[in-house]
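**Student:** Coordinates in start.txt, compact mmCIF, C-alpha atoms, are listed below.
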```txt
# COMPACT_ATOMS: atom_id res chain seq x y z
CA MET A 1 0.00 0.00 0.00
CA GLN A 2 2.81 2.45 0.86
CA GLU A 3 4.45 1.73 -2.48
CA LEU A 4 1.24 2.61 -4.32
CA LEU A 5 0.94 5.85 -2.36
CA ALA A 6 4.54 6.69 -3.24
CA VAL A 7 3.80 6.11 -6.94
CA ALA A 8 0.74 8.37 -6.73
CA GLN A 9 2.47 11.12 -4.75
CA GLY A 10 5.58 11.02 -6.92
CA ASN A 11 3.60 11.15 -10.18
CA VAL A 12 5.53 8.04 -11.29
CA ARG A 13 5.22 6.13 -14.55
CA LEU A 14 6.02 2.60 -13.41
CA PHE A 15 6.60 -0.39 -15.68
CA ALA A 16 6.86 -3.72 -13.83
CA PHE A 17 8.02 -7.02 -15.31
CA VAL A 18 5.51 -9.83 -14.73
CA GLY A 19 7.21 -12.80 -16.38
CA GLY A 20 7.91 -14.81 -13.26
CA ASP A 21 11.26 -16.13 -12.09
CA VAL A 22 13.51 -15.69 -15.14
CA SER A 23 17.09 -14.60 -15.70
CA GLY A 24 18.14 -10.97 -15.83
CA VAL A 25 18.98 -11.38 -19.51
CA LEU A 26 15.38 -12.39 -20.29
CA VAL A 27 14.01 -9.48 -18.24
CA ALA A 28 16.29 -7.07 -20.11
CA GLN A 29 15.22 -8.56 -23.46
CA ALA A 30 11.55 -8.19 -22.45
CA PHE A 31 12.07 -4.47 -21.80
CA VAL A 32 13.92 -4.07 -25.10
CA ASN A 33 11.02 -5.81 -26.86
CA ALA A 34 8.53 -3.62 -25.00
CA LEU A 35 10.23 -0.26 -25.56
CA GLU A 36 8.01 0.88 -28.42
CA ASN A 37 4.87 -0.34 -26.61
CA MET A 38 5.99 1.46 -23.45
CA GLN A 39 6.46 4.72 -25.34
CA ARG A 40 3.00 4.35 -26.89
CA PHE A 41 1.54 3.58 -23.47
CA MET A 42 3.15 6.73 -21.99
CA ARG A 43 1.72 8.91 -24.76
CA GLY A 44 -1.77 7.56 -24.14
CA ASN A 45 -1.82 7.51 -20.34
CA GLN A 46 -1.41 10.35 -17.87
CA ALA A 47 0.99 9.83 -14.96
CA PRO A 48 0.91 8.39 -12.40
CA PHE A 49 0.30 4.85 -13.60
CA ILE A 50 1.54 1.30 -13.21
CA ALA A 51 1.81 -0.96 -16.25
CA LYS A 52 2.79 -4.60 -16.60
CA VAL A 53 5.51 -5.62 -19.05
CA HIS A 54 5.28 -9.22 -20.27
CA GLN A 55 8.19 -11.30 -21.58
CA SER A 56 6.80 -11.00 -25.11
CA GLY A 57 7.03 -7.19 -24.94
CA LEU A 58 3.30 -6.74 -24.39
CA VAL A 59 2.41 -3.81 -22.09
CA LYS A 60 -0.89 -3.81 -20.17
CA PRO A 61 -2.30 -1.37 -17.61
CA CYS A 62 -2.33 -2.35 -13.95
CA LYS A 63 -3.31 0.86 -12.10
CA ASN A 64 -4.30 4.00 -13.95
CA HIS A 65 -4.11 7.70 -13.04
CA ARG A 66 -7.55 7.84 -11.41
CA GLU A 67 -7.11 4.66 -9.38
CA LEU A 68 -3.82 5.89 -7.95
CA LEU A 69 -5.01 9.42 -7.17
CA ARG A 70 -8.05 8.03 -5.32
CA MET A 71 -5.62 6.44 -2.87
CA LEU A 72 -4.27 9.83 -1.80
CA PRO A 73 -5.86 11.58 1.17
CA LYS A 74 -8.31 14.25 0.00
CA LYS A 75 -6.11 17.21 0.91
CA ALA A 76 -2.97 15.64 -0.57
CA SER A 77 -4.83 14.71 -3.74
CA TYR A 78 -6.10 18.29 -4.07
CA ARG A 79 -2.61 19.72 -3.49
CA PHE A 80 -1.15 17.30 -6.02
CA ARG A 81 -3.67 18.33 -8.65
CA LEU A 82 -3.07 22.01 -7.95
CA HIS A 83 0.69 21.58 -8.12
CA ARG A 84 0.61 19.51 -11.29
CA ASN A 85 -1.97 21.64 -13.05
CA ASP A 86 -1.03 24.97 -11.49
CA LEU A 87 -0.15 26.69 -14.76
CA THR A 88 -3.16 25.20 -16.49
CA ALA A 89 -5.48 26.26 -13.67
CA LYS A 90 -4.07 29.80 -13.69
CA ALA A 91 -4.45 30.02 -17.45
CA GLN A 92 -8.04 28.79 -17.22
CA ARG A 93 -8.87 31.35 -14.51
CA THR A 94 -7.32 34.12 -16.60
CA GLN A 95 -9.31 33.09 -19.68
CA ARG A 96 -12.50 32.86 -17.62
CA LYS A 97 -11.96 36.37 -16.21
CA ARG A 98 -11.31 37.76 -19.70
CA ARG A 99 -14.52 36.19 -21.01
CA GLU A 100 -16.48 37.57 -18.07
CA ARG A 101 -15.08 41.06 -18.73
CA LEU A 102 -15.95 40.81 -22.42
CA ILE A 103 -19.50 39.77 -21.56
CA GLN A 104 -19.81 42.66 -19.08
CA ASP A 105 -18.45 45.11 -21.66
CA ASP A 106 -20.94 43.83 -24.24
CA GLU A 107 -23.83 44.12 -21.75
CA GLU A 108 -22.84 47.69 -20.86
CA ARG A 109 -22.78 48.68 -24.53
CA ILE A 110 -26.30 47.38 -25.05
```
Is it possible to express this structure as structure tokens?
**Tutor:**
Amino acid sequence: MQELLAVAQGNVRLFAFVGGDVSGVLVAQAFVNALENMQRFMRGNQAPFIAKVHQSGLVKPCKNHRELLRMLPKKASYRFRLHRNDLTAKAQRTQRKRRERLIQDDEERI
């Protein structure tokens, strides 16, 4: 449980090998085989997440962004979202204020 919280709090993209008890060479080869699939998975999934890497190079989701963030305490989850999306949130507030001003200006002209 603590490991999952650490992944969520650290905004980690974790790929775990799930091929059983095999040699280090086979594990390394699995990650080499999975590299392209891992890159595709990263492009399509927001951090934090945990994905399984199979010996064949197949990459499958284990825990997604939402599942991991639900594990965080409410206040920590809120702080994480604010920190991660701080610039986006500020930009959205600025755009919202500009739109409100434009609407007010239009109403005053009418």
**Student:** Which value, in Å to one decimal, gives the distance between atom CA of A:Met71 and atom CA of A:Gln46?
**Tutor:**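 Computing the Euclidean distance for atom CA of A:Met71 and atom CA of A:Gln46 yields 16.1 Å.
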**Student:** Select, from A:Ser23, A:Ala28, A:Arg70, A:Phe17, the residue with the minimum atom-to-atom distance to A:Ala51, counting all atoms listed in the file.
**Tutor:**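 Nearest candidate to A:Ala51 out of A:Ser23, A:Ala28, A:Arg70, A:Phe17: A:Phe17.
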**Student:** So that I can see what lies close to A:Met38, please list as a list in words the residues with an atom at most 10 Å from it, counting only C-alpha atoms and leaving out residues fewer than 2 positions away in the same chain.
**Tutor:** Phe15, Phe31, Val32, Asn33, Ala34, Leu35, Glu36, Arg40, Phe41, Met42, Arg43, Gly44, Ala51, Lys52, Val53, Gly57, Leu58, Val59 and Lys60 of chain A
**Student:** Neighbours of A:Ala8 within 7 Å (only C-alpha atoms; same-chain residues fewer than 3 positions away dropped), as a ChimeraX atom specification?
**Tutor:** /A:4-5,11-12,48,68-69
**Student:** Can you work out the spacing between atom CA of A:Glu3 and atom CA of A:Gly19 in Å, to one decimal?
**Tutor:**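 Result for atom CA of A:Glu3 versus atom CA of A:Gly19: 20.3 Å, one decimal.
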**Student:** To box stretch 29-41 of chain A, take all atoms listed in the file, fit an axis-aligned box, add 5 Å on each side, and give centre and edge lengths in Å to one decimal, as JSON.
**Tutor:**
```
{"center_x": 8.4, "center_y": -1.9, "center_z": -25.1, "size_x": 23.7, "size_y": 23.3, "size_z": 16.6}
```
**Student:** May I ask which of the residues A:Asn37, A:Leu72, A:Arg66, A:Asn45 is the closest one to A:Gln2, counting only C-alpha atoms?
**Tutor:**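 Closest residue, counting only C-alpha atoms: A:Leu72.
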**Student:** May I ask for the distance between atom CA of A:Val18 and atom CA of A:Gln55, given in Å to one decimal place?
**Tutor:** 7.5 Å
**Student:** Which of these residues is nearest to A:Cys62, using all atoms listed in the file: A:Thr94, A:Asp105, A:Glu100, A:Arg13?
**Tutor:** A:Arg13
